[in-house]
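Visitor: Sharing data24.cif below, mmCIF, C-alpha atoms and all ligand atoms:
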data_my_file
loop_
_atom_site.label_atom_id
_atom_site.label_comp_id
_atom_site.auth_asym_id
_atom_site.auth_seq_id
_atom_site.Cartn_x
_atom_site.Cartn_y
_atom_site.Cartn_z
CA MET A 1 -3.45 14.55 -10.46
CA VAL A 2 -1.03 17.16 -9.20
CA HIS A 3 -0.34 16.98 -5.49
CA GLU A 4 2.57 17.65 -3.16
CA SER A 5 5.04 14.89 -2.39
CA ILE A 6 7.95 14.73 0.02
CA ALA A 7 11.05 12.50 -0.02
CA ILE A 8 12.35 10.32 2.78
CA LEU A 9 15.77 8.80 2.04
CA GLY A 10 15.15 9.70 -1.58
CA VAL A 11 11.82 7.86 -1.78
CA ARG A 12 8.81 9.87 -2.84
CA ILE A 13 5.68 9.91 -0.65
CA SER A 14 2.45 11.79 -1.43
CA ASN A 15 1.59 14.39 1.18
CA VAL A 16 -2.19 14.17 1.13
CA ASP A 17 -4.80 13.71 3.83
CA VAL A 18 -7.55 11.11 3.54
CA PRO A 19 -10.24 13.33 1.90
CA ALA A 20 -7.71 14.60 -0.67
CA SER A 21 -6.50 11.07 -1.43
CA LEU A 22 -10.07 9.91 -2.00
CA ALA A 23 -10.77 12.85 -4.30
CA ILE A 24 -7.62 11.98 -6.28
CA ILE A 25 -8.59 8.28 -6.39
CA GLU A 26 -12.05 9.16 -7.71
CA GLY A 27 -10.47 11.37 -10.38
CA LEU A 28 -8.08 8.59 -11.41
CA ILE A 29 -10.92 6.07 -11.75
CA GLU A 30 -13.10 8.53 -13.68
CA SER A 31 -10.22 9.32 -16.08
CA GLY A 32 -10.48 5.79 -17.49
CA ILE A 33 -6.70 5.72 -18.07
CA SER A 34 -4.54 3.18 -16.21
CA HIS A 35 -2.92 4.32 -12.96
CA GLN A 36 -0.97 2.67 -10.18
CA LEU A 37 -1.31 3.37 -6.47
CA VAL A 38 1.28 2.31 -3.91
CA THR A 39 1.11 2.46 -0.10
CA VAL A 40 4.60 3.15 1.19
CA ASN A 41 5.90 2.07 4.59
CA THR A 42 9.37 2.02 6.16
CA GLU A 43 10.10 -1.44 4.71
CA PHE A 44 9.35 -0.04 1.22
CA VAL A 45 11.72 2.88 1.79
CA MET A 46 14.48 0.52 2.90
CA ALA A 47 13.86 -1.94 0.04
CA ALA A 48 13.95 0.96 -2.44
CA GLN A 49 17.47 1.91 -1.26
CA LYS A 50 18.77 -1.24 -2.95
CA ASP A 51 16.10 -1.85 -5.58
CA ALA A 52 16.12 0.84 -8.29
CA GLU A 53 13.17 -0.74 -10.13
CA PHE A 54 11.00 -0.60 -7.02
CA LYS A 55 12.07 2.97 -6.32
CA ALA A 56 11.17 4.02 -9.87
CA ILE A 57 7.74 2.37 -9.54
CA ILE A 58 7.02 4.37 -6.37
CA HIS A 59 8.13 7.56 -8.13
CA ALA A 60 5.99 6.90 -11.17
CA ALA A 61 2.84 5.95 -9.22
CA ALA A 62 -0.14 8.27 -9.48
CA LEU A 63 -0.34 8.21 -5.70
CA ALA A 64 2.17 6.95 -3.08
CA LEU A 65 0.21 6.97 0.17
CA PRO A 66 2.06 7.03 3.51
CA ASP A 67 1.19 3.70 5.13
CA GLY A 68 3.24 3.56 8.28
CA PHE A 69 3.59 5.45 11.49
CA GLY A 70 7.39 5.41 11.15
CA LEU A 71 7.16 7.52 7.98
CA LEU A 72 5.09 10.17 9.74
CA LEU A 73 7.63 10.38 12.57
CA ALA A 74 10.57 10.49 10.16
CA ALA A 75 8.91 13.17 8.02
CA ARG A 76 8.34 15.38 11.06
CA PHE A 77 11.90 14.80 12.22
CA LEU A 78 13.21 15.78 8.78
CA GLY A 79 11.21 19.02 8.83
CA HIS A 80 8.57 18.24 6.19
CA PRO A 81 5.65 16.65 8.08
CA LEU A 82 3.16 14.42 6.35
CA LYS A 83 -0.49 15.35 6.70
CA GLU A 84 -2.02 11.98 7.52
CA ARG A 85 -1.50 8.25 7.37
CA GLY A 86 -3.34 6.28 4.69
CA THR A 87 -2.87 2.56 5.37
CA GLY A 88 -3.48 -0.09 2.72
CA VAL A 89 -6.26 -1.77 4.68
CA ASP A 90 -8.06 1.52 5.44
CA THR A 91 -7.68 2.62 1.82
CA VAL A 92 -9.21 -0.65 0.57
CA GLN A 93 -12.23 -0.09 2.83
CA ARG A 94 -12.56 3.55 1.80
CA VAL A 95 -12.29 2.71 -1.89
CA ALA A 96 -14.92 -0.02 -1.38
CA GLU A 97 -17.23 2.57 0.17
CA LEU A 98 -16.58 4.95 -2.75
CA ALA A 99 -17.11 2.14 -5.24
CA ALA A 100 -20.44 1.15 -3.66
CA ARG A 101 -21.59 4.77 -3.86
CA LYS A 102 -20.40 5.37 -7.42
CA GLY A 103 -21.00 1.95 -8.93
CA TYR A 104 -17.31 1.17 -9.57
CA ARG A 105 -16.40 -2.46 -10.15
CA LEU A 106 -13.72 -4.13 -7.98
CA PHE A 107 -11.45 -7.14 -8.60
CA LEU A 108 -9.56 -8.76 -5.69
CA LEU A 109 -6.39 -10.55 -6.75
CA GLY A 110 -3.96 -12.43 -4.50
CA ALA A 111 -3.65 -13.69 -0.89
CA ALA A 112 -3.97 -17.35 0.11
CA GLU A 113 -6.66 -19.55 -1.48
CA GLY A 114 -10.14 -18.45 -0.35
CA VAL A 115 -9.02 -15.27 1.44
CA ALA A 116 -10.00 -12.84 -1.36
CA ASP A 117 -13.46 -14.49 -1.41
CA LEU A 118 -13.83 -14.06 2.34
CA CYS A 119 -12.66 -10.48 2.06
CA ALA A 120 -15.21 -9.88 -0.74
CA GLN A 121 -17.98 -11.25 1.50
CA ARG A 122 -16.99 -8.93 4.35
CA LEU A 123 -16.90 -5.93 2.03
CA ARG A 124 -20.32 -6.84 0.62
CA ASP A 125 -21.68 -7.17 4.18
CA ASN A 126 -20.53 -3.62 4.83
CA TYR A 127 -21.55 -2.20 1.43
CA PRO A 128 -24.46 -4.20 -0.01
CA ASN A 129 -24.41 -2.32 -3.35
CA LEU A 130 -20.76 -3.12 -3.95
CA GLN A 131 -19.96 -4.79 -7.28
CA ILE A 132 -17.06 -7.24 -6.88
CA VAL A 133 -16.60 -8.62 -10.37
CA GLY A 134 -13.86 -11.14 -9.57
CA THR A 135 -11.63 -12.70 -6.94
CA TYR A 136 -8.63 -14.90 -7.65
CA ALA A 137 -5.66 -16.04 -5.55
CA GLY A 138 -3.15 -17.04 -8.24
CA SER A 139 0.50 -16.18 -7.80
CA PRO A 140 2.86 -13.44 -8.98
CA VAL A 141 5.08 -15.83 -10.99
CA VAL A 142 5.66 -14.76 -14.59
CA GLU A 143 4.25 -18.03 -15.99
CA GLU A 144 0.80 -17.20 -14.60
CA GLU A 145 0.78 -13.60 -15.73
CA ASP A 146 -0.91 -13.88 -19.13
CA ARG A 147 -3.71 -16.01 -17.75
CA ILE A 148 -4.36 -13.68 -14.79
CA VAL A 149 -4.28 -10.58 -16.98
CA ALA A 150 -6.84 -12.20 -19.32
CA LEU A 151 -9.04 -13.08 -16.33
CA VAL A 152 -8.96 -9.52 -15.00
CA LYS A 153 -9.54 -7.94 -18.42
CA GLN A 154 -12.57 -10.12 -19.00
CA ALA A 155 -14.12 -8.94 -15.71
CA LYS A 156 -13.60 -5.25 -16.69
CA PRO A 157 -13.04 -3.85 -13.20
CA ASP A 158 -12.51 -0.16 -12.47
CA VAL A 159 -10.27 -0.99 -9.51
CA LEU A 160 -7.86 -3.90 -9.10
CA PHE A 161 -6.46 -4.69 -5.65
CA VAL A 162 -3.36 -6.91 -5.72
CA ALA A 163 -2.24 -8.76 -2.55
CA TYR A 164 1.06 -10.45 -3.43
CA GLY A 165 3.19 -8.64 -0.82
CA ALA A 166 5.70 -5.88 -1.57
CA PRO A 167 7.57 -5.42 -3.82
CA GLN A 168 6.24 -8.32 -5.97
CA GLN A 169 2.67 -6.96 -6.11
CA ASP A 170 3.82 -3.48 -7.13
CA LYS A 171 6.18 -4.85 -9.78
CA TRP A 172 3.41 -7.14 -11.04
CA ILE A 173 1.12 -4.13 -11.45
CA ALA A 174 3.81 -1.99 -13.12
CA ARG A 175 4.62 -4.77 -15.62
CA ASN A 176 0.99 -5.31 -16.56
CA LEU A 177 -0.63 -1.92 -16.05
CA GLU A 178 -0.94 -0.93 -19.71
CA ARG A 179 -2.38 -4.20 -20.97
CA LEU A 180 -4.74 -4.59 -17.98
CA GLY A 181 -6.55 -1.41 -18.97
CA VAL A 182 -7.80 -0.97 -15.37
CA PRO A 183 -8.10 2.69 -14.31
CA LEU A 184 -6.74 2.02 -10.82
CA ALA A 185 -4.50 -0.85 -9.71
CA MET A 186 -3.26 -0.87 -6.14
CA GLY A 187 -0.89 -3.14 -4.17
CA VAL A 188 -2.56 -3.89 -0.83
CA GLY A 189 -0.14 -6.17 1.09
CA GLY A 190 -1.94 -8.00 3.88
CA ALA A 191 -5.19 -5.99 3.61
CA PHE A 192 -7.33 -8.95 2.46
CA ASP A 193 -6.04 -11.00 5.43
CA PHE A 194 -7.11 -8.29 7.87
CA ILE A 195 -10.52 -7.67 6.28
CA ALA A 196 -11.22 -11.41 5.93
CA GLY A 197 -10.26 -11.81 9.59
CA VAL A 198 -7.49 -14.37 8.98
CA ALA A 199 -4.99 -11.87 10.46
CA VAL A 200 -5.75 -9.75 13.49
CA ARG A 201 -5.24 -6.03 13.27
CA ALA A 202 -3.89 -4.22 16.31
CA PRO A 203 -6.48 -2.46 18.47
CA ARG A 204 -6.92 1.27 17.78
CA TRP A 205 -4.97 2.31 20.89
CA ILE A 206 -1.93 0.32 19.75
CA GLN A 207 -2.23 1.85 16.28
CA ARG A 208 -2.41 5.32 17.83
CA LEU A 209 0.77 4.68 19.84
CA GLY A 210 2.51 3.68 16.62
CA LEU A 211 3.12 0.14 17.90
CA GLU A 212 1.27 -1.79 15.21
CA TRP A 213 4.60 -3.34 14.11
CA LEU A 214 5.08 -4.81 17.62
CA HIS A 215 1.60 -6.32 17.57
CA ARG A 216 2.33 -7.81 14.15
CA LEU A 217 5.65 -9.20 15.29
CA TYR A 218 3.91 -10.89 18.23
CA HIS A 219 1.33 -12.55 15.95
CA GLU A 220 3.68 -13.26 13.02
CA PRO A 221 7.13 -13.76 14.64
CA TRP A 222 8.64 -14.93 11.34
CA ARG A 223 8.63 -11.24 10.36
CA TRP A 224 11.55 -10.45 12.67
CA ARG A 225 14.13 -10.58 9.87
CA ARG A 226 12.14 -8.16 7.69
CA MET A 227 11.69 -5.87 10.67
CA LEU A 228 15.45 -5.41 10.99
CA ALA A 229 14.81 -2.77 8.36
CA LEU A 230 13.28 -0.57 11.07
CA PRO A 231 16.41 0.22 13.14
CA ARG A 232 18.37 0.69 9.89
CA PHE A 233 15.68 3.13 8.75
CA VAL A 234 16.01 5.12 12.00
CA GLY A 235 19.80 5.27 11.56
CA LEU A 236 19.58 6.53 7.97
CA VAL A 237 16.93 9.11 8.82
CA MET A 238 19.18 10.46 11.61
CA ARG A 239 22.01 10.69 9.10
CA GLU A 240 19.78 12.49 6.57
CA ARG A 241 18.84 15.03 9.21
CA LEU A 242 22.46 15.54 10.25
CA GLY A 243 23.32 16.04 6.59
CA LYS A 244 20.65 18.73 6.34
CA ILE A 245 21.99 20.53 9.41
CA GLU A 246 25.53 20.39 7.96
CA ASP A 247 24.29 21.79 4.62
CA HIS A 248 22.55 24.57 6.50
CA VAL A 249 25.77 25.44 8.38
CA LYS A 250 27.82 25.38 5.15
CA TYR A 251 25.59 27.78 3.19
N1 LIG B 1 0.89 -13.37 -1.07
C1 LIG B 1 0.43 -14.16 -2.11
N2 LIG B 1 1.32 -14.77 -2.94
C2 LIG B 1 2.66 -14.61 -2.78
C3 LIG B 1 3.12 -13.78 -1.73
C4 LIG B 1 2.22 -13.18 -0.89
O1 LIG B 1 -0.77 -14.29 -2.28
O2 LIG B 1 3.42 -15.17 -3.56
C5 LIG B 1 -0.09 -12.69 -0.20
C6 LIG B 1 -0.14 -13.16 1.23
O3 LIG B 1 -1.01 -14.27 1.35
C7 LIG B 1 -0.69 -11.92 1.92
C8 LIG B 1 -0.13 -10.78 1.08
O4 LIG B 1 0.25 -11.33 -0.15
O5 LIG B 1 -2.09 -11.88 1.84
C9 LIG B 1 1.12 -10.14 1.63
O6 LIG B 1 0.95 -9.83 2.90
P1 LIG B 1 2.06 -9.13 3.77
O7 LIG B 1 1.40 -8.79 5.03
O8 LIG B 1 3.30 -9.94 3.80
O9 LIG B 1 2.29 -7.82 2.93
P2 LIG B 1 3.48 -6.80 3.01
O10 LIG B 1 3.86 -6.68 4.44
O11 LIG B 1 4.55 -7.39 2.14
O12 LIG B 1 2.89 -5.56 2.42
#
Starting from the coordinates I provided, produce the structure as structure tokens.

Guide:
Amino acid sequence: MVHESIAILGVRISNVDVPASLAIIEGLIESGISHQLVTVNTEFVMAAQKDAEFKAIIHAAALALPDGFGLLLAARFLGHPLKERGTGVDTVQRVAELAARKGYRLFLLGAAEGVADLCAQRLRDNYPNLQIVGTYAGSPVVEEEDRIVALVKQAKPDVLFVAYGAPQQDKWIARNLERLGVPLAMGVGGAFDFIAGVAVRAPRWIQRLGLEWLHRLYHEPWRWRRMLALPRFVGLVMRERLGKIEDHVKY
């Protein structure tokens, strides 16, 4: 599906609002051909600076949704604003709603033992018609791959959500996309944890202030090392903007 994308620090991000992203997602599922969806946040952009494989996966994805307030701020600062945020957890809920309406089949792969099941229950509570044709925790190690792919193929889902954390989940999908034969496979990070209620999402007002990362750090302090990516991201974005101003002065 053709849509506009922007680049932040050389990493591609789809510039679509929620209704447009859902229309694209529906088209991808209906096409019957395998597609990958990624939800990009600042940590992805920083990881992609050093990980060419990850960067290529984001570029090749059918949709690279902006999941992260920091990206919206950076995009505005760099002069090419993004239309709207599309977080992984919200996208999972929206796709579940679409799937219930259209009869699409979902498979939930990943997260800790029992969490995908809990998440499936919550989604079914919200959308009673929803067809969840499989849940499995497993792990992203290569030794388990053939068995998991066989399990998913047997269930014949239209949509596969994979919660193995970035970038493992996105690399797992890219490696197996063709043989899975699933029209839409999406890396969802901690979305199952939030929907199942084993992790607490920040209240709306904190989300609106763009402070979800602070809330997460408070609840999961072990993330501090990963979050060092944030100040580095700000520094690089400043440099990119300065570079643009210099280019403008030169020409
Ligand atoms: N996870 C997993 N197996 C692994 C690594 C991670 O099932 O080997 C799950 C983990 O339980 C969680 C999700 O993947 O549900 C990753 O969540 P996180 O919030 O860390 O996602 P990220 O911030 O990396 O997108």

Visitor: List as a Markdown table every residue of segment 55-146 of chain A that is in contact with segment 194-200 of chain A, defined as an atom at most 12 Å from one of its atoms (using only C-alpha atoms), together with the nearest atom pair and the distance in Å rounded to one decimal, sorted by chain and then rising number.

Guide:
| residue | atom | partner | partner_atom | distance |
| --- | --- | --- | --- | --- |
| A:Thr87 | CA | A:Phe194 | CA | 11.9 |
| A:Gly88 | CA | A:Phe194 | CA | 10.3 |
| A:Val89 | CA | A:Phe194 | CA | 7.3 |
| A:Asp90 | CA | A:Ile195 | CA | 9.6 |
| A:Thr91 | CA | A:Ile195 | CA | 11.6 |
| A:Val92 | CA | A:Ile195 | CA | 9.1 |
| A:Gln93 | CA | A:Ile195 | CA | 8.5 |
| A:Ala96 | CA | A:Ile195 | CA | 11.7 |
| A:Ala111 | CA | A:Ala196 | CA | 10.4 |
| A:Ala112 | CA | A:Val198 | CA | 10.0 |
| A:Glu113 | CA | A:Val198 | CA | 11.7 |
| A:Gly114 | CA | A:Ala196 | CA | 9.5 |
| A:Val115 | CA | A:Ala196 | CA | 6.3 |
| A:Ala116 | CA | A:Ala196 | CA | 7.5 |
| A:Asp117 | CA | A:Ala196 | CA | 8.3 |
| A:Leu118 | CA | A:Ala196 | CA | 5.2 |
| A:Cys119 | CA | A:Ala196 | CA | 4.2 |
| A:Ala120 | CA | A:Ala196 | CA | 7.9 |
| A:Gln121 | CA | A:Ala196 | CA | 8.1 |
| A:Arg122 | CA | A:Ala196 | CA | 6.5 |
| A:Leu123 | CA | A:Ile195 | CA | 7.9 |
| A:Arg124 | CA | A:Ile195 | CA | 11.3 |
| A:Asp125 | CA | A:Ile195 | CA | 11.4 |
| A:Asn126 | CA | A:Ile195 | CA | 10.9 |

Visitor: Can you list, as a PyMOL selection string, every protein, DNA or RNA residue that comes within 9 Å of segment 46-57 of chain A when you count all atoms listed in the file, leaving out same-chain residues fewer than 3 positions away?

Guide: chain A and resi 9-12+36+38+41-43+60-61+167+170-171+174+229-230+232-233

Visitor: Kindly give the distance, in Å, that separates atom C9 of ligand LIG 1 (chain B) and atom CA of His59 of chain A, rounded to a single decimal.

Guide: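 Interatomic distance here is 21.4 Å.
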
Visitor: Report as a list in words all protein, DNA and RNA residues lying within 12 Å of Gly27 of chain A, evaluated on all atoms listed in the file, omitting residues in the same chain fewer than 6 positions from it.

Guide: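 Answer for this query is Met1, Val2, Ala20, Ser21, Ile33, Ser34, His35, Ala62, Leu63, Leu98, Lys102, Asp158, Pro183 and Leu184 of chain A.
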
Visitor: Find the spatial neighbours of Leu209 of chain A, counting all atoms listed in the file, within a cut-off of 12 Å - ignore same-chain residues fewer than 6 positions away - and output them as number ranges by chain.

Guide: A: 68-70, 73, 202-203, 215

Visitor: Take the residues just selected and output them with C-alpha atoms as a tab-separated table (two decimals), keeping the file's coordinate frame.

Guide:
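And here is the file that came out, again39.tsv:
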chain	number	residue	atom	x	y	z
A	68	GLY	CA	3.24	3.56	8.28
A	69	PHE	CA	3.59	5.45	11.49
A	70	GLY	CA	7.39	5.41	11.15
A	73	LEU	CA	7.63	10.38	12.57
A	202	ALA	CA	-3.89	-4.22	16.31
A	203	PRO	CA	-6.48	-2.46	18.47
A	215	HIS	CA	1.60	-6.32	17.57

Visitor: List all protein, DNA and RNA residues that have any atom at most 8 Å from ligand LIG 1 (chain B), counting only C-alpha atoms and all ligand atoms, and write the list as a ChimeraX atom specification.

Guide: /A:110-113,115,137-141,162-169,187-193

Visitor: Using all atoms listed in the file for the distances, tell me which of A:Leu151, A:Leu236, A:Ala74, A:Ile206 is nearest to Tyr136 of chain A.

Guide: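 Closest to Tyr136 of chain A, using all atoms listed in the file: A:Leu151.
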
Visitor: When you count all atoms listed in the file, which of these residues is closest to Arg239 of chain A: A:Val142, A:Ala185, A:Leu78, A:Ala23?

Guide: A:Leu78

Visitor: I'd like the interatomic distance between atom CA of Leu106 of chain A and atom CA of Asp67 of chain A, to a tenth of an Å.

Guide: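 Going from atom CA of Leu106 of chain A over to atom CA of Asp67 of chain A, I get 21.3 Å.
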
Visitor: Using all atoms listed in the file, which of the listed residues (A:Leu242, A:Leu177, A:Ile132, A:Val40) sits closest to Tyr104 of chain A?

Guide: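 Of the candidates, the smallest distance to Tyr104 of chain A is held by A:Ile132.
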
Visitor: Do you know which residues are at most 12 Å from Gln154 of chain A counting only C-alpha atoms, after dropping those on the same chain fewer than 6 positions away, and could you put them as a count of residues only?

Guide: 9

Visitor: Have a look at atom CA of His3 of chain A and atom CA of Asn15 of chain A and let me know their distance in Å, one decimal.

Guide: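 Between atom CA of His3 of chain A and atom CA of Asn15 of chain A the gap is 7.4 Å.
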
Visitor: Quick one: residues within 12 Å of Gly103 of chain A, only C-alpha atoms counted, chain neighbours fewer than 5 positions away excluded, as a list of chain:residue names?

Guide: A:Glu26, A:Ile29, A:Glu30, A:Val95, A:Ala96, A:Glu97, A:Leu98, A:Tyr127, A:Pro128, A:Asn129, A:Leu130, A:Gln131, A:Ile132, A:Val133, A:Pro157, A:Asp158, A:Val159

Visitor: Step by step, gather every atom of segment 16-31 of chain A that the file lists, find the box along x, y and z that holds them, add 3 Å on each side, and finally give centre and edge lengths in Å to one decimal, as AutoDock Vina command-line options.

Guide:
--center_x -7.6 --center_y 10.3 --center_z -6.1 --size_x 16.9 --size_y 14.5 --size_z 25.9

Visitor: Mind filling out segment 179-208 of chain A with N, CA and C atoms and sending it as a PDB file, keeping the file's coordinate frame?

Guide:
ATOM      1  N   ARG A 179      -1.522  -3.221 -20.303  1.00  0.00           N
ATOM      2  CA  ARG A 179      -2.380  -4.200 -20.970  1.00  0.00           C
ATOM      3  C   ARG A 179      -3.605  -4.565 -20.135  1.00  0.00           C
ATOM      4  N   LEU A 180      -3.567  -4.302 -18.818  1.00  0.00           N
ATOM      5  CA  LEU A 180      -4.740  -4.590 -17.980  1.00  0.00           C
ATOM      6  C   LEU A 180      -5.890  -3.649 -18.322  1.00  0.00           C
ATOM      7  N   GLY A 181      -5.530  -2.393 -18.624  1.00  0.00           N
ATOM      8  CA  GLY A 181      -6.550  -1.410 -18.970  1.00  0.00           C
ATOM      9  C   GLY A 181      -7.471  -1.074 -17.790  1.00  0.00           C
ATOM     10  N   VAL A 182      -6.996  -1.297 -16.561  1.00  0.00           N
ATOM     11  CA  VAL A 182      -7.800  -0.970 -15.370  1.00  0.00           C
ATOM     12  C   VAL A 182      -7.434   0.440 -14.922  1.00  0.00           C
ATOM     13  N   PRO A 183      -8.433   1.315 -14.699  1.00  0.00           N
ATOM     14  CA  PRO A 183      -8.100   2.690 -14.310  1.00  0.00           C
ATOM     15  C   PRO A 183      -7.250   2.790 -13.048  1.00  0.00           C
ATOM     16  N   LEU A 184      -7.526   1.935 -12.050  1.00  0.00           N
ATOM     17  CA  LEU A 184      -6.740   2.020 -10.820  1.00  0.00           C
ATOM     18  C   LEU A 184      -6.330   0.644 -10.330  1.00  0.00           C
ATOM     19  N   ALA A 185      -5.013   0.413 -10.250  1.00  0.00           N
ATOM     20  CA  ALA A 185      -4.500  -0.850  -9.710  1.00  0.00           C
ATOM     21  C   ALA A 185      -3.647  -0.508  -8.491  1.00  0.00           C
ATOM     22  N   MET A 186      -3.899  -1.229  -7.412  1.00  0.00           N
ATOM     23  CA  MET A 186      -3.260  -0.870  -6.140  1.00  0.00           C
ATOM     24  C   MET A 186      -2.715  -2.117  -5.439  1.00  0.00           C
ATOM     25  N   GLY A 187      -1.468  -2.076  -4.984  1.00  0.00           N
ATOM     26  CA  GLY A 187      -0.890  -3.140  -4.170  1.00  0.00           C
ATOM     27  C   GLY A 187      -1.376  -2.967  -2.734  1.00  0.00           C
ATOM     28  N   VAL A 188      -1.903  -4.043  -2.136  1.00  0.00           N
ATOM     29  CA  VAL A 188      -2.560  -3.890  -0.830  1.00  0.00           C
ATOM     30  C   VAL A 188      -1.916  -4.701   0.291  1.00  0.00           C
ATOM     31  N   GLY A 189      -0.813  -5.404   0.021  1.00  0.00           N
ATOM     32  CA  GLY A 189      -0.140  -6.170   1.090  1.00  0.00           C
ATOM     33  C   GLY A 189      -1.090  -7.136   1.775  1.00  0.00           C
ATOM     34  N   GLY A 190      -1.122  -7.057   3.107  1.00  0.00           N
ATOM     35  CA  GLY A 190      -1.940  -8.000   3.880  1.00  0.00           C
ATOM     36  C   GLY A 190      -3.377  -7.543   4.104  1.00  0.00           C
ATOM     37  N   ALA A 191      -3.854  -6.561   3.344  1.00  0.00           N
ATOM     38  CA  ALA A 191      -5.190  -5.990   3.610  1.00  0.00           C
ATOM     39  C   ALA A 191      -6.312  -7.028   3.546  1.00  0.00           C
ATOM     40  N   PHE A 192      -6.247  -7.945   2.560  1.00  0.00           N
ATOM     41  CA  PHE A 192      -7.330  -8.950   2.460  1.00  0.00           C
ATOM     42  C   PHE A 192      -7.345  -9.822   3.711  1.00  0.00           C
ATOM     43  N   ASP A 193      -6.138 -10.156   4.226  1.00  0.00           N
ATOM     44  CA  ASP A 193      -6.040 -11.000   5.430  1.00  0.00           C
ATOM     45  C   ASP A 193      -6.724 -10.327   6.617  1.00  0.00           C
ATOM     46  N   PHE A 194      -6.506  -9.022   6.743  1.00  0.00           N
ATOM     47  CA  PHE A 194      -7.110  -8.290   7.870  1.00  0.00           C
ATOM     48  C   PHE A 194      -8.624  -8.215   7.691  1.00  0.00           C
ATOM     49  N   ILE A 195      -9.074  -7.850   6.496  1.00  0.00           N
ATOM     50  CA  ILE A 195     -10.520  -7.670   6.280  1.00  0.00           C
ATOM     51  C   ILE A 195     -11.240  -9.016   6.392  1.00  0.00           C
ATOM     52  N   ALA A 196     -10.609 -10.067   5.859  1.00  0.00           N
ATOM     53  CA  ALA A 196     -11.220 -11.410   5.930  1.00  0.00           C
ATOM     54  C   ALA A 196     -11.211 -11.938   7.357  1.00  0.00           C
ATOM     55  N   GLY A 197     -10.339 -11.372   8.196  1.00  0.00           N
ATOM     56  CA  GLY A 197     -10.260 -11.810   9.590  1.00  0.00           C
ATOM     57  C   GLY A 197      -9.292 -12.971   9.789  1.00  0.00           C
ATOM     58  N   VAL A 198      -8.477 -13.299   8.775  1.00  0.00           N
ATOM     59  CA  VAL A 198      -7.490 -14.370   8.980  1.00  0.00           C
ATOM     60  C   VAL A 198      -6.216 -13.831   9.649  1.00  0.00           C
ATOM     61  N   ALA A 199      -6.049 -12.506   9.652  1.00  0.00           N
ATOM     62  CA  ALA A 199      -4.990 -11.870  10.460  1.00  0.00           C
ATOM     63  C   ALA A 199      -5.672 -10.850  11.356  1.00  0.00           C
ATOM     64  N   VAL A 200      -5.112 -10.656  12.523  1.00  0.00           N
ATOM     65  CA  VAL A 200      -5.750  -9.750  13.490  1.00  0.00           C
ATOM     66  C   VAL A 200      -5.050  -8.409  13.470  1.00  0.00           C
ATOM     67  N   ARG A 201      -5.824  -7.363  13.250  1.00  0.00           N
ATOM     68  CA  ARG A 201      -5.240  -6.030  13.270  1.00  0.00           C
ATOM     69  C   ARG A 201      -5.121  -5.542  14.709  1.00  0.00           C
ATOM     70  N   ALA A 202      -4.097  -4.737  14.954  1.00  0.00           N
ATOM     71  CA  ALA A 202      -3.890  -4.220  16.310  1.00  0.00           C
ATOM     72  C   ALA A 202      -5.070  -3.347  16.721  1.00  0.00           C
ATOM     73  N   PRO A 203      -5.422  -3.358  18.014  1.00  0.00           N
ATOM     74  CA  PRO A 203      -6.480  -2.460  18.470  1.00  0.00           C
ATOM     75  C   PRO A 203      -6.102  -0.998  18.205  1.00  0.00           C
ATOM     76  N   ARG A 204      -7.128  -0.156  18.111  1.00  0.00           N
ATOM     77  CA  ARG A 204      -6.920   1.270  17.780  1.00  0.00           C
ATOM     78  C   ARG A 204      -5.853   1.928  18.663  1.00  0.00           C
ATOM     79  N   TRP A 205      -5.901   1.617  19.989  1.00  0.00           N
ATOM     80  CA  TRP A 205      -4.970   2.310  20.890  1.00  0.00           C
ATOM     81  C   TRP A 205      -3.526   1.950  20.582  1.00  0.00           C
ATOM     82  N   ILE A 206      -3.306   0.714  20.142  1.00  0.00           N
ATOM     83  CA  ILE A 206      -1.930   0.320  19.750  1.00  0.00           C
ATOM     84  C   ILE A 206      -1.543   1.035  18.460  1.00  0.00           C
ATOM     85  N   GLN A 207      -2.501   1.125  17.537  1.00  0.00           N
ATOM     86  CA  GLN A 207      -2.230   1.850  16.280  1.00  0.00           C
ATOM     87  C   GLN A 207      -1.858   3.298  16.577  1.00  0.00           C
ATOM     88  N   ARG A 208      -2.647   3.902  17.511  1.00  0.00           N
ATOM     89  CA  ARG A 208      -2.410   5.320  17.830  1.00  0.00           C
ATOM     90  C   ARG A 208      -1.034   5.536  18.461  1.00  0.00           C
TER      91      ARG A 208
END
